[in-house]
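> Sending over target-v7.txt (compact mmCIF, C-alpha atoms).
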# COMPACT_ATOMS: atom_id res chain seq x y z
CA MET A 9 -25.50 -6.83 -16.01
CA PRO A 10 -24.33 -6.54 -12.36
CA PRO A 11 -26.14 -4.03 -10.13
CA THR A 12 -24.58 -0.61 -9.67
CA MET A 13 -22.09 -0.60 -6.82
CA LYS A 14 -22.22 2.36 -4.45
CA VAL A 15 -18.88 3.64 -3.17
CA ALA A 16 -18.58 6.15 -0.31
CA PHE A 17 -15.54 8.07 0.89
CA VAL A 18 -14.22 9.27 4.23
CA GLY A 19 -11.63 12.01 3.73
CA ALA A 20 -11.38 14.64 1.03
CA GLY A 21 -7.66 15.12 0.45
CA TYR A 22 -5.33 14.17 -2.39
CA MET A 23 -5.75 10.39 -2.12
CA ALA A 24 -9.53 10.66 -1.89
CA THR A 25 -9.45 12.62 -5.14
CA GLU A 26 -7.29 9.99 -6.85
CA HIS A 27 -9.34 7.03 -5.63
CA MET A 28 -12.60 8.75 -6.53
CA ARG A 29 -11.41 9.49 -10.06
CA ALA A 30 -10.43 5.84 -10.52
CA PHE A 31 -13.70 4.42 -9.18
CA ALA A 32 -15.75 6.93 -11.20
CA SER A 33 -14.15 5.62 -14.41
CA LEU A 34 -15.47 2.09 -13.85
CA PRO A 35 -18.76 0.84 -15.27
CA ASP A 36 -21.60 0.12 -12.85
CA VAL A 37 -19.99 2.18 -10.06
CA GLU A 38 -21.65 5.18 -8.42
CA ILE A 39 -19.84 7.68 -6.19
CA ALA A 40 -22.54 7.82 -3.55
CA GLY A 41 -21.29 10.17 -0.86
CA ILE A 42 -18.44 11.66 1.11
CA TYR A 43 -17.77 12.66 4.68
CA SER A 44 -14.83 14.77 5.82
CA ARG A 45 -14.13 16.88 8.87
CA THR A 46 -13.10 19.54 6.36
CA ARG A 47 -16.56 20.12 4.93
CA GLY A 48 -15.52 22.68 2.33
CA ARG A 49 -13.19 20.22 0.61
CA ALA A 50 -15.84 17.50 0.82
CA GLU A 51 -18.40 19.74 -0.87
CA LYS A 52 -16.00 20.62 -3.67
CA LEU A 53 -15.05 17.00 -4.30
CA ALA A 54 -18.64 15.78 -4.07
CA ALA A 55 -19.82 18.37 -6.58
CA SER A 56 -17.42 17.05 -9.21
CA HIS A 57 -18.99 13.58 -8.98
CA GLY A 58 -22.62 14.36 -8.16
CA ALA A 59 -22.23 12.83 -4.69
CA ARG A 60 -23.89 13.88 -1.46
CA VAL A 61 -22.01 15.32 1.52
CA CYS A 62 -22.72 13.72 4.89
CA ASP A 63 -22.15 14.78 8.49
CA SER A 64 -20.57 11.65 10.02
CA VAL A 65 -19.57 8.09 9.19
CA SER A 66 -22.94 6.83 10.45
CA ASP A 67 -24.75 9.46 8.40
CA LEU A 68 -22.70 8.43 5.36
CA TYR A 69 -23.83 4.83 5.65
CA ALA A 70 -27.44 5.68 6.47
CA LYS A 71 -27.86 8.06 3.54
CA THR A 72 -25.92 6.15 0.87
CA GLY A 73 -26.31 2.46 1.75
CA ALA A 74 -22.88 2.12 0.15
CA ASP A 75 -21.37 -1.29 -0.62
CA LEU A 76 -17.82 -0.04 -0.10
CA VAL A 77 -16.28 2.81 1.88
CA VAL A 78 -12.82 4.13 1.02
CA VAL A 79 -11.02 5.69 4.00
CA THR A 80 -8.27 8.20 3.24
CA VAL A 81 -7.73 10.00 6.54
CA VAL A 82 -4.31 10.85 8.02
CA GLU A 83 -2.35 8.21 9.94
CA LEU A 84 -3.10 9.56 13.42
CA SER A 85 -6.87 9.47 12.76
CA MET A 86 -7.04 6.10 11.02
CA ALA A 87 -7.72 3.88 14.06
CA GLU A 88 -10.63 6.00 15.29
CA VAL A 89 -12.24 6.48 11.88
CA ALA A 90 -11.68 2.87 10.83
CA SER A 91 -13.40 1.65 13.98
CA GLU A 92 -16.43 3.84 13.17
CA CYS A 93 -16.52 2.32 9.68
CA PHE A 94 -16.29 -1.24 11.00
CA ALA A 95 -19.61 -0.69 12.78
CA HIS A 96 -21.47 -0.84 9.45
CA PRO A 97 -21.95 -3.78 7.04
CA TRP A 98 -20.13 -2.32 4.03
CA CYS A 99 -16.71 -3.48 2.85
CA VAL A 100 -13.88 -1.18 3.88
CA LEU A 101 -10.80 -0.10 1.88
CA LEU A 102 -8.27 1.70 4.09
CA GLU A 103 -5.57 3.86 2.59
CA LYS A 104 -2.14 2.71 3.74
CA PRO A 105 -0.64 2.63 6.23
CA ALA A 106 -3.32 1.04 8.38
CA GLY A 107 -1.65 2.34 11.56
CA TYR A 108 1.19 4.73 12.40
CA ASP A 109 3.17 1.94 14.11
CA LEU A 110 2.79 -1.77 14.84
CA GLY A 111 0.73 -1.21 17.99
CA ASP A 112 -1.70 1.03 16.13
CA ALA A 113 -1.87 -1.47 13.24
CA THR A 114 -2.67 -4.22 15.73
CA ARG A 115 -5.50 -2.18 17.25
CA ILE A 116 -7.00 -1.59 13.80
CA ARG A 117 -6.69 -5.24 12.79
CA ASP A 118 -8.20 -6.46 16.07
CA ALA A 119 -11.10 -3.99 15.80
CA ALA A 120 -11.85 -5.30 12.31
CA ILE A 121 -11.79 -8.89 13.58
CA ARG A 122 -14.12 -8.10 16.48
CA ALA A 123 -16.56 -6.37 14.15
CA ARG A 124 -16.29 -9.19 11.58
CA SER A 125 -15.76 -6.48 8.99
CA ARG A 126 -14.38 -7.21 5.51
CA VAL A 127 -11.38 -4.88 5.38
CA PHE A 128 -8.80 -4.35 2.65
CA VAL A 129 -5.78 -2.01 2.50
CA ALA A 130 -4.82 0.07 -0.53
CA PHE A 131 -1.25 -1.03 -1.29
CA ASN A 132 -1.37 0.49 -4.76
CA ARG A 133 2.23 -0.51 -5.53
CA ARG A 134 1.01 -4.11 -5.50
CA THR A 135 -1.29 -3.18 -8.36
CA TYR A 136 1.28 -1.26 -10.41
CA SER A 137 1.51 -2.62 -13.94
CA SER A 138 5.24 -3.13 -13.26
CA THR A 139 4.57 -5.27 -10.18
CA ARG A 140 1.98 -7.36 -11.97
CA GLN A 141 4.39 -7.94 -14.86
CA ALA A 142 7.16 -8.95 -12.46
CA LEU A 143 4.89 -11.58 -10.92
CA GLN A 144 3.94 -12.81 -14.37
CA LEU A 145 7.62 -13.16 -15.35
CA LEU A 146 8.30 -15.15 -12.18
CA ARG A 147 5.29 -17.42 -12.57
CA GLY A 148 6.20 -21.00 -13.43
CA HIS A 149 9.79 -20.75 -12.13
CA SER A 150 10.50 -22.75 -8.99
CA SER A 151 14.12 -21.62 -8.50
CA GLN A 152 15.22 -19.55 -5.51
CA ARG A 153 14.52 -15.82 -5.60
CA PHE A 154 16.76 -13.08 -4.22
CA VAL A 155 14.65 -9.99 -3.56
CA LYS A 156 16.46 -6.72 -2.87
CA VAL A 157 14.76 -3.54 -1.76
CA ILE A 158 16.57 -0.21 -1.60
CA ASP A 159 14.78 2.44 0.44
CA GLN A 160 15.51 6.08 1.20
CA GLN A 161 13.84 8.22 3.85
CA ASP A 162 14.45 11.61 5.43
CA GLN A 163 12.75 12.33 8.75
CA GLN A 164 13.81 15.98 8.75
CA ALA A 165 12.26 16.52 5.32
CA ALA A 166 9.13 14.67 6.44
CA ILE A 167 8.57 17.34 9.08
CA ALA A 168 9.92 20.45 7.35
CA GLN A 169 8.77 19.86 3.77
CA HIS A 170 5.89 17.40 4.01
CA LYS A 171 4.46 18.81 7.27
CA GLN A 172 4.18 15.41 8.91
CA PRO A 173 3.45 15.31 12.66
CA GLU A 174 6.46 14.42 14.77
CA LEU A 175 4.94 11.08 15.79
CA VAL A 176 4.43 10.09 12.15
CA ALA A 177 7.95 11.23 11.15
CA ARG A 178 9.46 9.30 14.06
CA ASN A 179 7.67 6.21 12.73
CA TYR A 180 8.33 6.95 9.06
CA MET A 181 9.40 3.36 8.45
CA PHE A 182 5.73 2.46 8.96
CA ALA A 183 4.25 5.53 7.28
CA ASN A 184 6.46 5.50 4.18
CA SER A 185 8.97 2.62 4.07
CA ILE A 186 5.98 0.26 4.15
CA HIS A 187 5.66 1.04 0.41
CA LEU A 188 8.99 -0.71 -0.18
CA ILE A 189 9.03 -3.35 2.53
CA ASP A 190 5.65 -4.75 1.46
CA TYR A 191 7.39 -5.86 -1.76
CA PHE A 192 9.19 -8.60 0.17
CA ARG A 193 5.87 -10.25 0.95
CA VAL A 194 4.66 -9.75 -2.63
CA LEU A 195 7.73 -11.17 -4.38
CA GLY A 196 9.08 -13.58 -1.78
CA ARG A 197 7.29 -16.91 -1.47
CA GLY A 198 6.11 -18.49 1.76
CA ALA A 199 6.08 -16.91 5.20
CA VAL A 200 8.85 -14.82 6.70
CA ALA A 201 10.93 -17.32 8.68
CA GLY A 202 13.20 -14.74 10.29
CA VAL A 203 14.94 -11.39 10.00
CA GLU A 204 18.69 -11.04 10.55
CA PRO A 205 19.94 -7.50 11.26
CA ILE A 206 23.19 -6.56 9.54
CA ALA A 207 23.35 -2.80 10.21
CA ARG A 208 20.90 -1.91 12.95
CA TRP A 209 18.51 1.03 13.08
CA ALA A 210 19.81 3.79 15.35
CA PRO A 211 16.90 6.18 16.07
CA GLU A 212 19.20 8.73 17.72
CA LYS A 213 21.34 8.88 14.55
CA PRO A 214 19.49 7.57 11.45
CA GLY A 215 21.77 6.26 8.74
CA LEU A 216 22.26 2.89 7.08
CA VAL A 217 19.89 0.02 7.87
CA LEU A 218 20.58 -3.45 6.47
CA ALA A 219 18.67 -6.63 7.15
CA LYS A 220 18.41 -10.12 5.65
CA ILE A 221 14.93 -11.64 5.34
CA ASN A 222 14.60 -15.42 5.20
CA PHE A 223 11.47 -17.09 3.80
CA THR A 224 10.13 -20.58 4.49
CA SER A 225 10.34 -21.22 0.73
CA GLY A 226 14.11 -20.69 0.70
CA ASP A 227 13.80 -17.27 -0.95
CA VAL A 228 16.06 -14.56 0.49
CA GLY A 229 15.52 -10.83 0.81
CA LEU A 230 17.88 -7.95 1.54
CA TYR A 231 16.66 -4.60 2.81
CA GLU A 232 18.93 -1.59 2.35
CA GLY A 233 17.65 1.64 3.87
CA ILE A 234 19.42 4.98 3.50
CA TRP A 235 18.11 7.43 6.09
CA ASP A 236 18.75 11.18 6.02
CA GLY A 237 20.79 10.88 2.83
CA PRO A 238 20.16 10.73 -0.93
CA GLY A 239 19.18 7.55 -2.68
CA PRO A 240 16.68 5.93 -5.07
CA TRP A 241 13.81 3.55 -4.47
CA ILE A 242 14.63 0.26 -6.24
CA VAL A 243 13.18 -3.25 -6.12
CA SER A 244 14.92 -6.14 -7.88
CA VAL A 245 14.44 -9.90 -8.10
CA ASN A 246 17.23 -12.22 -9.21
CA THR A 247 16.75 -15.87 -10.16
CA PRO A 248 19.06 -18.17 -12.17
CA GLU A 249 16.86 -17.44 -15.20
CA GLN A 250 16.44 -13.66 -15.07
CA ARG A 251 16.94 -10.37 -13.30
CA ILE A 252 13.92 -8.10 -12.90
CA GLU A 253 14.29 -4.52 -11.76
CA MET A 254 11.80 -1.75 -10.98
CA ARG A 255 13.57 1.61 -10.99
CA PRO A 256 11.57 3.77 -10.60
CA LEU A 257 8.97 1.44 -9.18
CA GLU A 258 6.48 2.33 -11.90
CA GLN A 259 8.82 0.98 -14.60
CA ILE A 260 10.19 -2.52 -15.16
CA THR A 261 13.18 -4.03 -16.98
CA VAL A 262 14.26 -7.63 -17.42
CA GLN A 263 17.60 -9.23 -18.25
CA LEU A 264 17.67 -12.90 -19.22
CA ARG A 265 20.47 -15.32 -18.40
CA GLY A 266 23.15 -15.49 -21.09
CA THR A 267 22.68 -11.92 -22.32
CA ARG A 268 23.66 -8.44 -21.19
CA VAL A 269 20.65 -6.90 -22.90
CA VAL A 270 18.28 -5.14 -20.51
CA THR A 271 14.76 -4.88 -21.94
CA LYS A 272 12.32 -2.23 -20.76
CA LEU A 273 8.72 -3.44 -20.76
CA ASP A 274 5.66 -1.35 -21.57
CA VAL A 275 3.37 -0.41 -18.70
CA ASP A 276 -0.41 -0.23 -18.61
CA PRO A 277 -1.61 3.18 -19.93
CA ASP A 278 -3.84 3.42 -16.85
CA ASP A 279 -0.67 3.94 -14.80
CA THR A 280 -0.03 7.19 -16.65
CA THR A 281 -3.67 8.36 -16.95
CA TYR A 282 -4.35 7.73 -13.24
CA LYS A 283 -2.16 7.59 -10.18
CA PRO A 284 -0.20 4.38 -10.81
CA GLY A 285 -1.94 1.24 -9.66
CA VAL A 286 -5.06 3.00 -8.42
CA ARG A 287 -7.45 2.20 -11.26
CA TYR A 288 -6.54 -1.49 -11.37
CA GLN A 289 -6.81 -1.53 -7.58
CA ALA A 290 -10.31 -0.07 -7.89
CA THR A 291 -11.30 -2.91 -10.24
CA GLN A 292 -10.00 -5.39 -7.68
CA ALA A 293 -11.91 -3.70 -4.88
CA VAL A 294 -15.13 -3.94 -6.89
CA ALA A 295 -14.44 -7.63 -7.53
CA ALA A 296 -13.71 -8.25 -3.84
CA VAL A 297 -16.95 -6.59 -2.74
CA ARG A 298 -18.82 -8.83 -5.19
CA LYS A 299 -16.95 -11.83 -3.71
CA GLU A 300 -15.26 -12.53 -7.02
CA PRO A 301 -11.55 -13.50 -7.28
CA ALA A 302 -9.49 -10.39 -6.54
CA SER A 303 -5.89 -9.41 -5.94
CA LEU A 304 -6.17 -7.07 -2.98
CA ALA A 305 -4.35 -6.86 0.36
CA THR A 306 -6.46 -7.77 3.38
CA ILE A 307 -6.10 -6.14 6.80
CA GLU A 308 -4.23 -9.31 7.86
CA ASP A 309 -1.83 -8.95 4.90
CA SER A 310 -1.25 -5.36 5.91
CA TRP A 311 -0.53 -6.31 9.52
CA HIS A 312 2.07 -8.89 8.48
CA SER A 313 3.87 -6.27 6.35
CA MET A 314 3.79 -3.85 9.29
CA LYS A 315 5.21 -6.63 11.49
CA LEU A 316 8.01 -7.12 8.96
CA VAL A 317 8.81 -3.40 9.16
CA ALA A 318 9.00 -3.69 12.94
CA ASP A 319 11.27 -6.74 12.72
CA ILE A 320 13.65 -5.06 10.25
CA PHE A 321 13.97 -1.99 12.46
CA GLY A 322 13.99 -3.86 15.77
CA LEU A 323 10.72 -2.25 16.86
CA ALA A 324 8.59 -5.35 17.41
Show this structure as structure tokens.


Amino acid sequence: MPPTMKVAFVGAGYMATEHMRAFASLPDVEIAGIYSRTRGRAEKLAASHGARVCDSVSDLYAKTGADLVVVTVVELSMAEVASECFAHPWCVLLEKPAGYDLGDATRIRDAAIRARSRVFVAFNRRTYSSTRQALQLLRGHSSQRFVKVIDQQDQQAAIAQHKQPELVARNYMFANSIHLIDYFRVLGRGAVAGVEPIARWAPEKPGLVLAKINFTSGDVGLYEGIWDGPGPWIVSVNTPEQRIEMRPLEQITVQLRGTRVVTKLDVDPDDTTYKPGVRYQATQAVAAVRKEPASLATIEDSWHSMKLVADIFGLA
């Protein structure tokens, strides 16, 4: 039997609650402690899991000796808090995005490298049951893939309804579109060879953004972003053998060549019991900490997806 793994948390908001619930459901995992600048929320969350409340990141490590720390602070605090976490020899799981823009993401990545810290980023859409099934359907096929991502964002709603700071809303392609754009690097093979703008981002008048993504493998991607207008989030992959579509992203359908029948596939029950992807992601984080094979985005993976966002929007 493996030893009990201790998991600590920085942040006590919605995502901390969801991550904590997922980790608490796993065998041989202990929720060891929590630190948040909002102590009242930390105390409430800690009480539900029998965890201790600490007074700082350093105090959290000293009092828990945790193997893994999960960081769920807001975008504008991530670089500072992440750097504090890198000073200790635990593994680190950062909630996405790891940076509010490419420059901030670069600072976080470079700080992790300097500290020689093992850092992962919680791209939970990578661990959706739908995403995992899409990859399984594509496995074994060498033919060219056409990956299309349809995105929709609303900067005005980000500020008025979601209470995002102006700096975060202005960079919402990093804060929120990253969820969609990361799919190119998940489903497209090889490295990104280049990005060709079709309809350019106009920050003074957000609207349609189109870009073609070329991969060294020969795969092709197309990004379609609808800004300040209605639209769905959709990811699709076409090959000569099949068409796979995730709409909504938590669901998956497949259509095989030679038929017009679209088949909806079942998803993992964990994606309805927990926030989608989060419990499987927790299992992968545990495996990564134990240096077992794991499917989890590294801080370098995260940076490359942030760089792709910047290239699509002409912000690099």

> If we count all atoms listed in the file, what is near segment 161-169 of chain A at a cut-off of 8 Å, once residues fewer than 5 positions away on the same chain are taken out, given as a ChimeraX atom specification?

/A:174,177-178,180,184-185,233-237

> For the atom pair atom CA of Asn179 of chain A and atom CA of Gln292 of chain A, what is the interatomic distance in Å to one decimal place?

29.4 Å

> Rounded to one decimal place, report the atom CA of Leu316 of chain A-atom CA of Met181 of chain A distance in Å.

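That distance, rounded to one decimal, is 10.6 Å.
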
> Go through A:Ser91, A:Gln263, A:Thr135, A:Thr12 one by one, measure the shortest atom-to-atom distance of each to Leu76 of chain A using all atoms listed in the file, and give the residue with the smallest value.

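Residue with the minimum atom-to-atom distance to Leu76 of chain A: A:Thr12.
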
> Restricting the calculation to only C-alpha atoms: of A:Ala95, A:Val194, A:Ala30, A:Ala40, which residue gets closest to Lys14 of chain A?

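The closest residue to Lys14 of chain A is A:Ala40.
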
> Hey, can you check how far atom CA of Ala55 of chain A sits from atom CA of Thr280 of chain A?

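Taking atom CA of Ala55 of chain A and atom CA of Thr280 of chain A, their separation equals 24.9 Å.
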
> Could you pull the residues within 10 Å of Glu204 of chain A, counting all atoms listed in the file, minus those fewer than 4 positions along the same chain, as a PDB file with C-alpha atoms, in the frame of the given file?


ATOM      1  CA  ARG A 208      20.900  -1.910  12.950  1.00  0.00           C
ATOM      2  CA  LEU A 218      20.580  -3.450   6.470  1.00  0.00           C
ATOM      3  CA  ALA A 219      18.670  -6.630   7.150  1.00  0.00           C
ATOM      4  CA  LYS A 220      18.410 -10.120   5.650  1.00  0.00           C
ATOM      5  CA  ILE A 221      14.930 -11.640   5.340  1.00  0.00           C
ATOM      6  CA  ASN A 222      14.600 -15.420   5.200  1.00  0.00           C
ATOM      7  CA  LEU A 230      17.880  -7.950   1.540  1.00  0.00           C
ATOM      8  CA  ASP A 319      11.270  -6.740  12.720  1.00  0.00           C
ATOM      9  CA  ILE A 320      13.650  -5.060  10.250  1.00  0.00           C
TER      10      ILE A 320
END

> Taking all atoms listed in the file into account, name the residue in A:Arg126, A:Ala210, A:Glu83, A:Val262 that is nearest to Asp109 of chain A.

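Smallest distance to Asp109 of chain A is found for A:Glu83.
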
> Compare A:Lys283, A:Arg251, A:Arg147, A:Asp36 by their minimum atom-to-atom distance to Arg268 of chain A, counting all atoms listed in the file, and give me the closest one.

A:Arg251

> Could you check which of A:Gly198, A:Asp159, A:Asn132, A:Ala120 is closest to Gly215 of chain A, using all atoms listed in the file?

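Smallest distance to Gly215 of chain A is found for A:Asp159.
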
> Can you tell me, as number ranges by chain, which residues sit within 6 Å of (2.0, -0.7, -11.5) in the file's frame, using all atoms listed in the file?

A: 133, 135-139, 258, 284-285

> Kindly indicate which residue among A:Val37, A:Glu92, A:Gln152, A:Ala106 lies nearest to Ser125 of chain A, using all atoms listed in the file for the distances.

A:Glu92

> Neighbouring residues of Pro97 of chain A were defined as those with any atom within 12 Å, considering all atoms listed in the file; residues of the same chain fewer than 3 positions away were excluded. Please report them as an MDAnalysis selection string.

chainID A and resid 66 69:70 73:77 92:94 100 120 123:127 297

> How would you write as a list in words the residues that get within 10 Å of (-15.3, 6.4, -6.6) in the file's frame, counting all atoms listed in the file?

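Neighbouring residues, ordered by chain and number, come to Met13, Lys14, Val15, Ala16, Phe17, Ala24, Thr25, Glu26, His27, Met28, Arg29, Ala30, Phe31, Ala32, Ser33, Leu34, Val37, Glu38, Ile39, Ala40, Gly41, Ile42, His57, Ala59, Leu76, Val77, Val78 and Ala290 of chain A.
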
> I want to know what sits within 9 Å of Arg193 of chain A, based on only C-alpha atoms, with residues of the same chain fewer than 4 positions away left out; could you give that as a PyMOL selection string?

chain A and resi 189+197-200+309+312-313+316

> Within 9 Å of Arg153 of chain A, counting all atoms listed in the file, which residues show up once you throw out same-chain ones fewer than 6 positions away? Write them as a PyMOL selection string, please.

chain A and resi 195-197+226-229+245-248

> From the block you just saw, export segment 240-253 of chain A: N, CA, C and O atoms, as a short mmCIF file (atom, residue, chain, number, x, y, z; two decimals), in the first residue's frame.


data_model
loop_
_atom_site.label_atom_id
_atom_site.label_comp_id
_atom_site.auth_asym_id
_atom_site.auth_seq_id
_atom_site.Cartn_x
_atom_site.Cartn_y
_atom_site.Cartn_z
N PRO A 240 -21.42 29.50 -29.36
CA PRO A 240 -21.13 28.33 -28.52
C PRO A 240 -19.63 28.10 -28.41
O PRO A 240 -18.84 28.70 -29.15
N TRP A 241 -19.23 27.25 -27.49
CA TRP A 241 -17.89 26.69 -27.46
C TRP A 241 -17.96 25.31 -28.10
O TRP A 241 -18.70 24.45 -27.66
N ILE A 242 -17.17 25.10 -29.16
CA ILE A 242 -17.18 23.83 -29.89
C ILE A 242 -15.74 23.46 -30.26
O ILE A 242 -14.97 24.33 -30.68
N VAL A 243 -15.42 22.20 -30.12
CA VAL A 243 -14.15 21.66 -30.62
C VAL A 243 -14.48 20.47 -31.50
O VAL A 243 -15.26 19.59 -31.11
N SER A 244 -13.90 20.43 -32.71
CA SER A 244 -14.12 19.29 -33.60
C SER A 244 -12.79 18.86 -34.22
O SER A 244 -11.86 19.66 -34.35
N VAL A 245 -12.73 17.58 -34.56
CA VAL A 245 -11.57 17.03 -35.27
C VAL A 245 -12.09 16.21 -36.44
O VAL A 245 -12.90 15.30 -36.25
N ASN A 246 -11.64 16.55 -37.64
CA ASN A 246 -11.99 15.79 -38.83
C ASN A 246 -10.77 15.06 -39.37
O ASN A 246 -9.68 15.64 -39.47
N THR A 247 -10.96 13.79 -39.69
CA THR A 247 -9.96 13.00 -40.41
C THR A 247 -10.70 12.30 -41.55
O THR A 247 -11.95 12.30 -41.57
N PRO A 248 -10.01 11.67 -42.49
CA PRO A 248 -10.72 10.92 -43.53
C PRO A 248 -11.59 9.80 -42.97
O PRO A 248 -12.55 9.38 -43.63
N GLU A 249 -11.28 9.33 -41.75
CA GLU A 249 -12.01 8.20 -41.19
C GLU A 249 -13.22 8.60 -40.36
O GLU A 249 -14.21 7.86 -40.27
N GLN A 250 -13.17 9.79 -39.73
CA GLN A 250 -14.22 10.13 -38.76
C GLN A 250 -14.26 11.63 -38.47
O GLN A 250 -13.31 12.36 -38.76
N ARG A 251 -15.40 12.04 -37.93
CA ARG A 251 -15.54 13.40 -37.42
C ARG A 251 -15.91 13.29 -35.95
O ARG A 251 -16.90 12.63 -35.59
N ILE A 252 -15.15 13.96 -35.11
CA ILE A 252 -15.39 13.97 -33.67
C ILE A 252 -15.76 15.38 -33.28
O ILE A 252 -15.12 16.35 -33.71
N GLU A 253 -16.80 15.51 -32.47
CA GLU A 253 -17.21 16.85 -32.04
C GLU A 253 -17.53 16.85 -30.55
O GLU A 253 -18.17 15.93 -30.04
#
